[in-house]
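Report on the structure given below.
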2 protein chains.
Amino acid sequence: MAQSERVTILDIAQRTGLSKGTVDRVLHNRGEVSKKSYEAVMKAIKELGYEPNVYASLLARGGNHLIAVLMPGGEPGSFWDLAARGMQNAKDSVLSSGVKVEHFEFDPTDIMSNRDAAVRMLDANPSGVIMAPMYREGTESLTDILRERGIPYVFIDSKIEDSGYLAYFGMPMYRSGYLCADMLTGGLPVAEVLVVRVQRDLLGQSDPTVNRRAGFMDYMHEHCPDCIIHNLLVNPADMEAGEKALDEFFLDHPGVHHIAMFNSRIHLIVPWLDRHPQRGRRVVGFDNLDANIQALSRGIVSALICQHPDEQLALAIQALSECIVLGKHPSRRDNFMHMDILTRYNVEYY
Amino acid sequence: MAQSERVTILDIAQRTGLSKGTVDRVLHNRGEVSKKSYEAVMKAIKELGYEPNVYASLLARGGNHLIAVLMPGGEPGSFWDLAARGMQNAKDSVLSSGVKVEHFEFDPTDIMSNRDAAVRMLDANPSGVIMAPMYREGTESLTDILRERGIPYVFIDSKIEDSGYLAYFGMPMYRSGYLCADMLTGGLPVAEVLVVRVQRDLLGQSDPTVNRRAGFMDYMHEHCPDCIIHNLLVNPADMEAGEKALDEFFLDHPGVHHIAMFNSRIHLIVPWLDRHPQRGRRVVGFDNLDANIQALSRGIVSALICQHPDEQLALAIQALSECIVLGKHPSRRDNFMHMDILTRYNVEYY
DNA sequence: AAAAATTTCGTGCACGGGCACGGAAATTTT
DNA sequence: AAAATTTCCGTGCCCGTGCACGAAATTTTT
């Protein structure tokens, strides 16, 4: 049974004439080993092809690791709530590896809340961190600390360049805008489309949908150069005014039947679309929020482009946990999630 | 630190006034336990919420389990090859749980080859089996043996009813046909469509695409009742004749611009489409074979509906491994995979 | 050269569960 | 009721690694 002949720490202790304690010390290069025996052990490890037994290791350590997730909270059914759900699922799968996961929420509109959450997180002394960067300087000073302490961190949703992040999981934003345009027009010439956008008044916060918008515009220029692209700004906090604006717009432009939105809030205009079914013949939005899904299966929304915030979290947790427990580095640093196209006919098995 | 209070076998031994040996016996219901103490232990397990420590368990047992995968082999890039790739990936993730995965290939067109692979597989004495049922009786006699030996098995791709399978992972075939029709027509009325089908001459083998075809037809009846649906049979082994048939067909029906196929072989007609770009304005097929993907990104094929054979395998292996190692049963027995819609604009991040 | 300080190393227990062996308790037989 | 079974159960060692503690070896100091 050559296969069951596992090389253990004792084998290499015996081979070198040292004790398992010493071998252990070099394995974790935790010092207190003479150069001579260090090299002897390394040589024996190579020769015998030693590989540590993960189980024994986890058993002994008691596996008390913590992965801290620093990302916004959100109302039930919102984008970040979906992400949180994915986190919950992934939790169990790594719990058996002795890794716990804790969510440090903050208010995405409040920079102080972000700082506060970061401090609380550091106090918890995590072995790894997952974060959604929202404010550049805040994130940078945090990553400085993490790098200093040797704590690996991964970005989700968006990333900040040039820091030593372990991995990034997100969506190709530009490409998603391109795809959105294709889904909206069906590849056929369209005379006019309406893009509904959401007012942003948050200083210092970057708008992640700008790239998406760029992709959308480029597609239109390339495939539909004569199309008129209307824009309508809407305030999510005051949809009454928003609906009034829609009424007015369609009074002036009765020929528009194609509507798109670049963020996850397409559901905001669903009540209005419900009352004006002839207006939105083709409606495309983003993200599988509960409200969006519902509108999709009712046929109000034609298609949703989804990026699996839950899967992002799951993969991030997975990768980070492997790094912490097994010391493995992810095979790819930048991971672009695939974009799923959802229609009312494939949504039910989603 | 209430959180680090793991409930161990000794805790429940103490609680019941018994010893860990006895507790162990009931955990693996290996008998030699009086009814009274059996129930006491079970009660304590419930109350304390005991969960076995996988690592300790694997450490002690030496964790030598084998999952046998009984499914067809295939040329590189083919459907079953994709599945095999998914298997390879999943392999690593369970290897760390002490579970090995072995692929027992067979020739899907040869029933004897199937039998042969099944015998070889049984000889390997697996702890769990994953199989793609192709021949009804062969599969049934195999599952009889497995059930007798208490070996759990899961079906992928298609399933055979009424046997004690642990789980099933596959695609909702009917629904996929429905979706195919929607993607082909774009929800708009179409006058004529062409369905290219593949000749089957394999006796005793069931055609998994019949349900897909039914879904397609139902959609057309409901949304496009006036559409004429043409059928063309093609022999994959003789595409020269097939292309001639296509030439003839379009001579008679120059108004057809919508083409669909119900299996993964849309790539067969791609060379022909290449030479007749005006014919297939809208072409829809299934499955992310390399050849199909290529045709998609070149714009020859408009959309592919994909079912992730690789993900099927990954999930199946995952579920089976959890059952073997942890004794957990999957939360859902029949798992319909979601269907992904691929266009040339979202394919690159797939 | 002896004492002190420092570096290097070995020993032994812990982690949680599997399992064999033998002994105690309950049951059956004589 | 004592002996022989049978049923049931407890003890103890093992899996391979982590880590604390203290001892041995080496170097530095007096």
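Chain lettering (A, B, ...) mirrors the order of the structure tokens, residue numbering begins at 1 for each chain separately, and ligand numbering begins at 1 in order of display.
All chain B residues having an atom within 10 Å of chain D, based on only C-alpha atoms (C1' of nucleotides), amount to B:Leu18, B:Ser19, B:Lys20, B:Gly21, B:Thr22, B:Gly31, B:Glu32, B:Val33, B:Ser34, B:Ser37, B:Ala56, B:Ser57, B:Leu58, B:Leu59, B:Ala60, B:Arg61, B:Gly62.
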Keeping C-alpha atoms, export the residues of the selection given above as a short mmCIF file (atom, residue, chain, number, x, y, z; two decimals), in the first residue's frame.
```cif
data_model
loop_
_atom_site.label_atom_id
_atom_site.label_comp_id
_atom_site.auth_asym_id
_atom_site.auth_seq_id
_atom_site.Cartn_x
_atom_site.Cartn_y
_atom_site.Cartn_z
CA LEU B 18 -22.37 7.07 29.68
CA SER B 19 -18.95 6.82 28.08
CA LYS B 20 -17.70 8.16 24.78
CA GLY B 21 -17.47 4.63 23.46
CA THR B 22 -21.19 4.19 23.80
CA GLY B 31 -25.36 -1.68 17.58
CA GLU B 32 -24.41 -3.13 20.93
CA VAL B 33 -26.33 -0.40 22.68
CA SER B 34 -29.40 -0.81 24.86
CA SER B 37 -29.12 4.52 26.45
CA ALA B 56 -10.96 14.76 14.14
CA SER B 57 -13.05 12.20 12.37
CA LEU B 58 -10.96 12.25 9.23
CA LEU B 59 -7.77 12.18 11.23
CA ALA B 60 -8.84 9.08 13.02
CA ARG B 61 -10.31 7.26 10.06
CA GLY B 62 -7.53 8.13 7.67
#
```
> chain C residues within 12 Å of chain B, counting only C-alpha atoms (C1' of nucleotides): which ones, as an MDAnalysis selection string?
Replying inline: chainID C and resid 15:20 25:26
Using N, CA and C atoms (P, O5', C5', C4', C3', O3' and C1' of nucleotides), can you write the selected residues to a file as a PDB file, in the first residue's frame?
```
ATOM      1  P    DC C  15      -8.187  19.721  25.141  1.00  0.00           P
ATOM      2  O5'  DC C  15      -8.540  19.769  23.600  1.00  0.00           O
ATOM      3  C5'  DC C  15      -8.001  20.741  22.721  1.00  0.00           C
ATOM      4  C4'  DC C  15      -8.135  20.239  21.321  1.00  0.00           C
ATOM      5  C3'  DC C  15      -9.312  19.296  21.114  1.00  0.00           C
ATOM      6  O3'  DC C  15     -10.411  20.028  20.579  1.00  0.00           O
ATOM      7  C1'  DC C  15      -7.329  18.547  19.981  1.00  0.00           C
ATOM      8  P    DG C  16     -11.845  19.830  21.261  1.00  0.00           P
ATOM      9  O5'  DG C  16     -12.380  18.540  20.494  1.00  0.00           O
ATOM     10  C5'  DG C  16     -12.619  18.640  19.099  1.00  0.00           C
ATOM     11  C4'  DG C  16     -12.865  17.262  18.561  1.00  0.00           C
ATOM     12  C3'  DG C  16     -13.921  16.465  19.314  1.00  0.00           C
ATOM     13  O3'  DG C  16     -14.904  16.070  18.390  1.00  0.00           O
ATOM     14  C1'  DG C  16     -11.960  15.184  19.021  1.00  0.00           C
ATOM     15  P    DG C  17     -15.990  14.996  18.738  1.00  0.00           P
ATOM     16  O5'  DG C  17     -15.299  13.736  18.079  1.00  0.00           O
ATOM     17  C5'  DG C  17     -15.048  13.775  16.678  1.00  0.00           C
ATOM     18  C4'  DG C  17     -14.420  12.489  16.229  1.00  0.00           C
ATOM     19  C3'  DG C  17     -15.291  11.246  16.427  1.00  0.00           C
ATOM     20  O3'  DG C  17     -15.190  10.471  15.258  1.00  0.00           O
ATOM     21  C1'  DG C  17     -13.206  10.939  17.453  1.00  0.00           C
ATOM     22  P    DG C  18     -16.068   9.190  15.021  1.00  0.00           P
ATOM     23  O5'  DG C  18     -14.964   8.048  14.931  1.00  0.00           O
ATOM     24  C5'  DG C  18     -14.081   8.046  13.820  1.00  0.00           C
ATOM     25  C4'  DG C  18     -13.224   6.804  13.837  1.00  0.00           C
ATOM     26  C3'  DG C  18     -13.988   5.493  13.956  1.00  0.00           C
ATOM     27  O3'  DG C  18     -13.317   4.522  13.175  1.00  0.00           O
ATOM     28  C1'  DG C  18     -12.538   5.704  15.798  1.00  0.00           C
ATOM     29  P    DC C  19     -14.031   3.198  12.773  1.00  0.00           P
ATOM     30  O5'  DC C  19     -13.342   2.168  13.762  1.00  0.00           O
ATOM     31  C5'  DC C  19     -11.941   2.227  13.947  1.00  0.00           C
ATOM     32  C4'  DC C  19     -11.543   1.374  15.144  1.00  0.00           C
ATOM     33  C3'  DC C  19     -12.450   0.167  15.409  1.00  0.00           C
ATOM     34  O3'  DC C  19     -11.625  -0.936  15.688  1.00  0.00           O
ATOM     35  C1'  DC C  19     -12.167   1.378  17.371  1.00  0.00           C
ATOM     36  P    DA C  20     -12.088  -2.370  15.273  1.00  0.00           P
ATOM     37  O5'  DA C  20     -11.117  -3.256  16.172  1.00  0.00           O
ATOM     38  C5'  DA C  20      -9.765  -2.839  16.315  1.00  0.00           C
ATOM     39  C4'  DA C  20      -9.247  -3.214  17.708  1.00  0.00           C
ATOM     40  C3'  DA C  20      -9.706  -4.590  18.206  1.00  0.00           C
ATOM     41  O3'  DA C  20      -8.645  -5.221  18.884  1.00  0.00           O
ATOM     42  C1'  DA C  20     -10.413  -2.919  19.716  1.00  0.00           C
ATOM     43  P    DA C  25     -21.346  -4.048  37.564  1.00  0.00           P
ATOM     44  O5'  DA C  25     -22.635  -4.350  36.682  1.00  0.00           O
ATOM     45  C5'  DA C  25     -23.049  -3.393  35.712  1.00  0.00           C
ATOM     46  C4'  DA C  25     -24.078  -4.028  34.804  1.00  0.00           C
ATOM     47  C3'  DA C  25     -25.247  -4.696  35.524  1.00  0.00           C
ATOM     48  O3'  DA C  25     -26.463  -4.208  34.996  1.00  0.00           O
ATOM     49  C1'  DA C  25     -24.295  -6.191  33.946  1.00  0.00           C
ATOM     50  P    DA C  26     -27.870  -4.613  35.661  1.00  0.00           P
ATOM     51  O5'  DA C  26     -28.465  -5.585  34.552  1.00  0.00           O
ATOM     52  C5'  DA C  26     -28.550  -5.133  33.202  1.00  0.00           C
ATOM     53  C4'  DA C  26     -28.903  -6.305  32.304  1.00  0.00           C
ATOM     54  C3'  DA C  26     -30.123  -7.101  32.764  1.00  0.00           C
ATOM     55  O3'  DA C  26     -30.996  -7.303  31.662  1.00  0.00           O
ATOM     56  C1'  DA C  26     -28.300  -8.551  32.436  1.00  0.00           C
TER      57       DA C  26
END
```
Go through chain B residue by residue and, counting only C-alpha atoms, keep those with an atom at most 9 Å from chain A; for each kept residue give the shortest atom pair and its distance in Å to one decimal, ordered by chain and increasing number, as a tab-separated table.
```
residue	atom	partner	partner_atom	distance
B:Ser4	CA	A:Asn64	CA	7.9
B:Asn53	CA	A:Ser96	CA	7.7
B:Val54	CA	A:Ser96	CA	7.1
B:Tyr55	CA	A:Tyr55	CA	4.7
B:Ala56	CA	A:Leu59	CA	6.0
B:Ser57	CA	A:Tyr55	CA	8.7
B:Leu58	CA	A:Tyr55	CA	6.8
B:Leu59	CA	A:Tyr55	CA	5.9
B:Gly62	CA	A:Ser4	CA	8.7
B:Asn64	CA	A:Ser4	CA	8.9
B:Ser96	CA	A:Val54	CA	7.5
B:Ser97	CA	A:Tyr55	CA	8.4
B:Pro172	CA	A:Tyr349	CA	8.2
B:Arg175	CA	A:Tyr345	CA	7.4
B:Ser176	CA	A:Asn346	CA	7.7
B:Tyr178	CA	A:Tyr345	CA	7.2
B:Leu179	CA	A:Tyr345	CA	5.4
B:Asp182	CA	A:Tyr345	CA	7.9
B:Gly186	CA	A:Gly186	CA	7.7
B:Phe336	CA	A:Tyr349	CA	6.5
B:Met337	CA	A:Tyr349	CA	6.6
B:His338	CA	A:Tyr349	CA	4.8
B:Met339	CA	A:Asn346	CA	6.1
B:Asp340	CA	A:Asp340	CA	6.3
B:Ile341	CA	A:Ile341	CA	5.7
B:Leu342	CA	A:Ile341	CA	7.6
B:Thr343	CA	A:Leu179	CA	8.5
B:Arg344	CA	A:Leu179	CA	8.7
B:Tyr345	CA	A:Leu179	CA	5.3
B:Asn346	CA	A:Met339	CA	6.1
B:Val347	CA	A:His338	CA	8.0
B:Glu348	CA	A:His338	CA	8.2
B:Tyr349	CA	A:His338	CA	4.9
B:Tyr350	CA	A:His338	CA	4.9
```
Can you write out the residues you just picked, keeping C-alpha atoms, as a PDB file, in the first residue's frame?
```
ATOM      1  CA  SER B   4     -15.833  28.597  21.131  1.00  0.00           C
ATOM      2  CA  ASN B  53     -15.726  17.518  14.201  1.00  0.00           C
ATOM      3  CA  VAL B  54     -14.927  16.525  10.649  1.00  0.00           C
ATOM      4  CA  TYR B  55     -11.227  16.896  11.101  1.00  0.00           C
ATOM      5  CA  ALA B  56     -10.956  14.764  14.140  1.00  0.00           C
ATOM      6  CA  SER B  57     -13.047  12.198  12.368  1.00  0.00           C
ATOM      7  CA  LEU B  58     -10.957  12.253   9.234  1.00  0.00           C
ATOM      8  CA  LEU B  59      -7.772  12.181  11.229  1.00  0.00           C
ATOM      9  CA  GLY B  62      -7.529   8.132   7.666  1.00  0.00           C
ATOM     10  CA  ASN B  64      -9.895   7.128   2.316  1.00  0.00           C
ATOM     11  CA  SER B  96      -9.003  17.971   1.280  1.00  0.00           C
ATOM     12  CA  SER B  97     -11.841  16.048   2.907  1.00  0.00           C
ATOM     13  CA  PRO B 172     -35.339  21.537 -16.741  1.00  0.00           C
ATOM     14  CA  ARG B 175     -38.491  24.853 -19.812  1.00  0.00           C
ATOM     15  CA  SER B 176     -35.269  25.137 -21.749  1.00  0.00           C
ATOM     16  CA  TYR B 178     -39.629  27.236 -24.006  1.00  0.00           C
ATOM     17  CA  LEU B 179     -36.794  29.649 -23.359  1.00  0.00           C
ATOM     18  CA  ASP B 182     -38.391  33.005 -26.734  1.00  0.00           C
ATOM     19  CA  GLY B 186     -37.469  37.701 -29.321  1.00  0.00           C
ATOM     20  CA  PHE B 336     -32.700  21.850 -11.482  1.00  0.00           C
ATOM     21  CA  MET B 337     -29.752  23.837 -12.596  1.00  0.00           C
ATOM     22  CA  HIS B 338     -30.346  27.338 -13.772  1.00  0.00           C
ATOM     23  CA  MET B 339     -30.113  28.036 -17.459  1.00  0.00           C
ATOM     24  CA  ASP B 340     -27.657  30.635 -18.579  1.00  0.00           C
ATOM     25  CA  ILE B 341     -28.259  32.750 -21.638  1.00  0.00           C
ATOM     26  CA  LEU B 342     -25.061  33.452 -23.486  1.00  0.00           C
ATOM     27  CA  THR B 343     -24.615  36.106 -26.143  1.00  0.00           C
ATOM     28  CA  ARG B 344     -21.467  37.397 -27.698  1.00  0.00           C
ATOM     29  CA  TYR B 345     -21.459  40.219 -25.176  1.00  0.00           C
ATOM     30  CA  ASN B 346     -21.451  38.268 -21.971  1.00  0.00           C
ATOM     31  CA  VAL B 347     -19.581  35.200 -23.141  1.00  0.00           C
ATOM     32  CA  GLU B 348     -16.098  36.431 -22.455  1.00  0.00           C
ATOM     33  CA  TYR B 349     -16.531  36.457 -18.679  1.00  0.00           C
ATOM     34  CA  TYR B 350     -18.236  33.115 -18.598  1.00  0.00           C
TER      35      TYR B 350
END
```
> Could you name the residues that touch B:Val129 at 10 Å or less, counting only C-alpha atoms (C1' of nucleotides), but leaving out those on the same chain fewer than 6 positions away, as a PyMOL selection string?
Replying inline: chain B and resi 66-70+101-102+121-122+143+146+151-155+165-166+316-317+320
Resulting file, chosen residues, N, CA and C atoms, as a PDB file, in the first residue's frame:
```
ATOM      1  N   LEU B  66     -13.810   6.975  -1.799  1.00  0.00           N
ATOM      2  CA  LEU B  66     -13.760   7.102  -3.256  1.00  0.00           C
ATOM      3  C   LEU B  66     -15.143   7.414  -3.817  1.00  0.00           C
ATOM      4  N   ILE B  67     -15.199   8.454  -4.633  1.00  0.00           N
ATOM      5  CA  ILE B  67     -16.427   8.724  -5.381  1.00  0.00           C
ATOM      6  C   ILE B  67     -16.188   8.297  -6.826  1.00  0.00           C
ATOM      7  N   ALA B  68     -17.028   7.410  -7.291  1.00  0.00           N
ATOM      8  CA  ALA B  68     -16.904   6.943  -8.673  1.00  0.00           C
ATOM      9  C   ALA B  68     -17.875   7.701  -9.560  1.00  0.00           C
ATOM     10  N   VAL B  69     -17.367   8.197 -10.673  1.00  0.00           N
ATOM     11  CA  VAL B  69     -18.223   8.920 -11.615  1.00  0.00           C
ATOM     12  C   VAL B  69     -18.373   8.069 -12.873  1.00  0.00           C
ATOM     13  N   LEU B  70     -19.592   7.645 -13.104  1.00  0.00           N
ATOM     14  CA  LEU B  70     -19.863   6.781 -14.250  1.00  0.00           C
ATOM     15  C   LEU B  70     -20.580   7.588 -15.315  1.00  0.00           C
ATOM     16  N   VAL B 101     -11.767  11.101  -6.270  1.00  0.00           N
ATOM     17  CA  VAL B 101     -12.775  11.009  -7.326  1.00  0.00           C
ATOM     18  C   VAL B 101     -12.166  10.293  -8.522  1.00  0.00           C
ATOM     19  N   GLU B 102     -12.882   9.304  -9.018  1.00  0.00           N
ATOM     20  CA  GLU B 102     -12.363   8.607 -10.193  1.00  0.00           C
ATOM     21  C   GLU B 102     -13.427   8.544 -11.279  1.00  0.00           C
ATOM     22  N   MET B 121     -16.177  -0.202 -12.088  1.00  0.00           N
ATOM     23  CA  MET B 121     -16.468   0.747 -11.015  1.00  0.00           C
ATOM     24  C   MET B 121     -16.771   0.031  -9.711  1.00  0.00           C
ATOM     25  N   LEU B 122     -17.603  -0.992  -9.788  1.00  0.00           N
ATOM     26  CA  LEU B 122     -17.961  -1.717  -8.570  1.00  0.00           C
ATOM     27  C   LEU B 122     -16.732  -2.382  -7.949  1.00  0.00           C
ATOM     28  N   THR B 143     -28.295   0.251  -9.919  1.00  0.00           N
ATOM     29  CA  THR B 143     -28.803   0.887  -8.695  1.00  0.00           C
ATOM     30  C   THR B 143     -29.289  -0.151  -7.700  1.00  0.00           C
ATOM     31  N   LEU B 146     -26.273  -1.136  -5.843  1.00  0.00           N
ATOM     32  CA  LEU B 146     -25.797  -0.060  -4.972  1.00  0.00           C
ATOM     33  C   LEU B 146     -26.671   0.051  -3.729  1.00  0.00           C
ATOM     34  N   ILE B 151     -24.622   1.883  -0.839  1.00  0.00           N
ATOM     35  CA  ILE B 151     -23.779   2.936  -1.426  1.00  0.00           C
ATOM     36  C   ILE B 151     -24.672   4.029  -2.006  1.00  0.00           C
ATOM     37  N   PRO B 152     -24.527   5.248  -1.527  1.00  0.00           N
ATOM     38  CA  PRO B 152     -25.375   6.327  -2.064  1.00  0.00           C
ATOM     39  C   PRO B 152     -24.975   6.677  -3.489  1.00  0.00           C
ATOM     40  N   TYR B 153     -25.977   7.067  -4.286  1.00  0.00           N
ATOM     41  CA  TYR B 153     -25.670   7.441  -5.666  1.00  0.00           C
ATOM     42  C   TYR B 153     -26.512   8.629  -6.082  1.00  0.00           C
ATOM     43  N   VAL B 154     -25.944   9.441  -6.955  1.00  0.00           N
ATOM     44  CA  VAL B 154     -26.696  10.592  -7.456  1.00  0.00           C
ATOM     45  C   VAL B 154     -26.691  10.568  -8.978  1.00  0.00           C
ATOM     46  N   PHE B 155     -27.789  11.035  -9.537  1.00  0.00           N
ATOM     47  CA  PHE B 155     -27.923  11.105 -10.986  1.00  0.00           C
ATOM     48  C   PHE B 155     -27.540  12.496 -11.488  1.00  0.00           C
ATOM     49  N   TYR B 165     -32.331   7.182  -5.215  1.00  0.00           N
ATOM     50  CA  TYR B 165     -31.184   8.041  -5.460  1.00  0.00           C
ATOM     51  C   TYR B 165     -31.095   9.144  -4.408  1.00  0.00           C
ATOM     52  N   LEU B 166     -29.885   9.522  -4.120  1.00  0.00           N
ATOM     53  CA  LEU B 166     -29.649  10.534  -3.102  1.00  0.00           C
ATOM     54  C   LEU B 166     -30.024  11.910  -3.609  1.00  0.00           C
ATOM     55  N   ALA B 316     -22.786  17.785  -7.676  1.00  0.00           N
ATOM     56  CA  ALA B 316     -23.029  16.377  -7.365  1.00  0.00           C
ATOM     57  C   ALA B 316     -21.924  15.833  -6.462  1.00  0.00           C
ATOM     58  N   ILE B 317     -20.709  16.144  -6.810  1.00  0.00           N
ATOM     59  CA  ILE B 317     -19.575  15.674  -6.008  1.00  0.00           C
ATOM     60  C   ILE B 317     -19.636  16.264  -4.616  1.00  0.00           C
ATOM     61  N   LEU B 320     -22.466  14.567  -2.658  1.00  0.00           N
ATOM     62  CA  LEU B 320     -22.150  13.182  -2.340  1.00  0.00           C
ATOM     63  C   LEU B 320     -21.069  13.113  -1.276  1.00  0.00           C
TER      64      LEU B 320
END
```
> B:Asp157: which residues within 9 Å, counting only C-alpha atoms (C1' of nucleotides), same-chain residues fewer than 2 positions away excluded, as a ChimeraX atom specification?
Replying inline: /B:131-133,155,159,168-171,208,309,312
Restrict the selected residues to N, CA and C atoms and save them as a PDB file, in the first residue's frame.
```pdb
ATOM      1  N   MET B 131     -23.725   9.072 -11.504  1.00  0.00           N
ATOM      2  CA  MET B 131     -23.842   8.491 -12.840  1.00  0.00           C
ATOM      3  C   MET B 131     -24.839   9.217 -13.713  1.00  0.00           C
ATOM      4  N   ALA B 132     -24.540   9.148 -15.001  1.00  0.00           N
ATOM      5  CA  ALA B 132     -25.437   9.670 -16.017  1.00  0.00           C
ATOM      6  C   ALA B 132     -26.142   8.480 -16.651  1.00  0.00           C
ATOM      7  N   PRO B 133     -27.399   8.273 -16.334  1.00  0.00           N
ATOM      8  CA  PRO B 133     -28.075   7.079 -16.839  1.00  0.00           C
ATOM      9  C   PRO B 133     -28.327   7.182 -18.336  1.00  0.00           C
ATOM     10  N   PHE B 155     -27.789  11.035  -9.537  1.00  0.00           N
ATOM     11  CA  PHE B 155     -27.923  11.105 -10.986  1.00  0.00           C
ATOM     12  C   PHE B 155     -27.540  12.496 -11.488  1.00  0.00           C
ATOM     13  N   LYS B 159     -32.465  11.342 -15.131  1.00  0.00           N
ATOM     14  CA  LYS B 159     -32.587  10.449 -13.980  1.00  0.00           C
ATOM     15  C   LYS B 159     -33.584   9.353 -14.272  1.00  0.00           C
ATOM     16  N   TYR B 168     -30.447  14.436  -7.562  1.00  0.00           N
ATOM     17  CA  TYR B 168     -30.383  14.542  -9.017  1.00  0.00           C
ATOM     18  C   TYR B 168     -30.028  15.976  -9.389  1.00  0.00           C
ATOM     19  N   PHE B 169     -29.098  16.109 -10.301  1.00  0.00           N
ATOM     20  CA  PHE B 169     -28.735  17.433 -10.794  1.00  0.00           C
ATOM     21  C   PHE B 169     -28.892  17.456 -12.310  1.00  0.00           C
ATOM     22  N   GLY B 170     -29.758  18.308 -12.776  1.00  0.00           N
ATOM     23  CA  GLY B 170     -29.976  18.346 -14.218  1.00  0.00           C
ATOM     24  C   GLY B 170     -30.690  19.606 -14.637  1.00  0.00           C
ATOM     25  N   MET B 171     -31.040  19.627 -15.888  1.00  0.00           N
ATOM     26  CA  MET B 171     -31.643  20.827 -16.464  1.00  0.00           C
ATOM     27  C   MET B 171     -33.144  20.598 -16.616  1.00  0.00           C
ATOM     28  N   PRO B 208     -32.981  12.651 -24.748  1.00  0.00           N
ATOM     29  CA  PRO B 208     -33.277  13.614 -23.686  1.00  0.00           C
ATOM     30  C   PRO B 208     -33.870  14.913 -24.202  1.00  0.00           C
ATOM     31  N   PRO B 309     -22.674  21.817 -17.502  1.00  0.00           N
ATOM     32  CA  PRO B 309     -22.396  20.431 -17.122  1.00  0.00           C
ATOM     33  C   PRO B 309     -21.313  20.369 -16.053  1.00  0.00           C
ATOM     34  N   GLN B 312     -22.884  20.992 -12.714  1.00  0.00           N
ATOM     35  CA  GLN B 312     -23.623  19.799 -12.307  1.00  0.00           C
ATOM     36  C   GLN B 312     -22.716  18.825 -11.585  1.00  0.00           C
TER      37      GLN B 312
END
```
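Taking atom CA of A:Lys244 and atom CA of A:Gly299 as the two end points, the separation is 23.1 Å.
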> Can you list every residue in stretch 33-79 of chain A that DSSP puts in alpha helix (DSSP H), as a list in words?
Replying inline: Lys35, Lys36, Ser37, Tyr38, Glu39, Ala40, Val41, Met42, Lys43, Ala44, Ile45, Lys46, Glu47, Leu48, Val54, Tyr55, Ala56, Ser57, Leu58, Leu59, Ala60, Arg61 and Phe79 of chain A
>> Just want the 12 Å neighbourhood of stretch 236-238 of chain A, counted on only C-alpha atoms (C1' of nucleotides), with same-chain residues fewer than 6 positions away dropped. Output as a ChimeraX atom specification.
In response: /A:196-201,244-245,263-269
Selection from above, C-alpha atoms, as a tab-separated table (two decimals), in the first residue's frame, can you write it?
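What ended up in selection24.tsv:
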```
chain	number	residue	atom	x	y	z
A	196	VAL	CA	-33.51	56.54	-16.22
A	197	ARG	CA	-30.82	57.53	-13.77
A	198	VAL	CA	-30.68	58.14	-10.08
A	199	GLN	CA	-29.55	61.38	-8.50
A	200	ARG	CA	-26.33	61.13	-6.53
A	201	ASP	CA	-25.48	63.72	-4.00
A	244	LYS	CA	-44.59	63.00	-12.61
A	245	ALA	CA	-41.38	63.46	-14.55
A	263	ASN	CA	-28.25	50.46	-11.25
A	264	SER	CA	-30.27	47.91	-9.36
A	265	ARG	CA	-33.30	50.13	-8.85
A	266	ILE	CA	-35.37	49.34	-11.89
A	267	HIS	CA	-38.12	48.31	-9.50
A	268	LEU	CA	-38.58	51.98	-8.67
A	269	ILE	CA	-40.35	52.63	-11.94
```
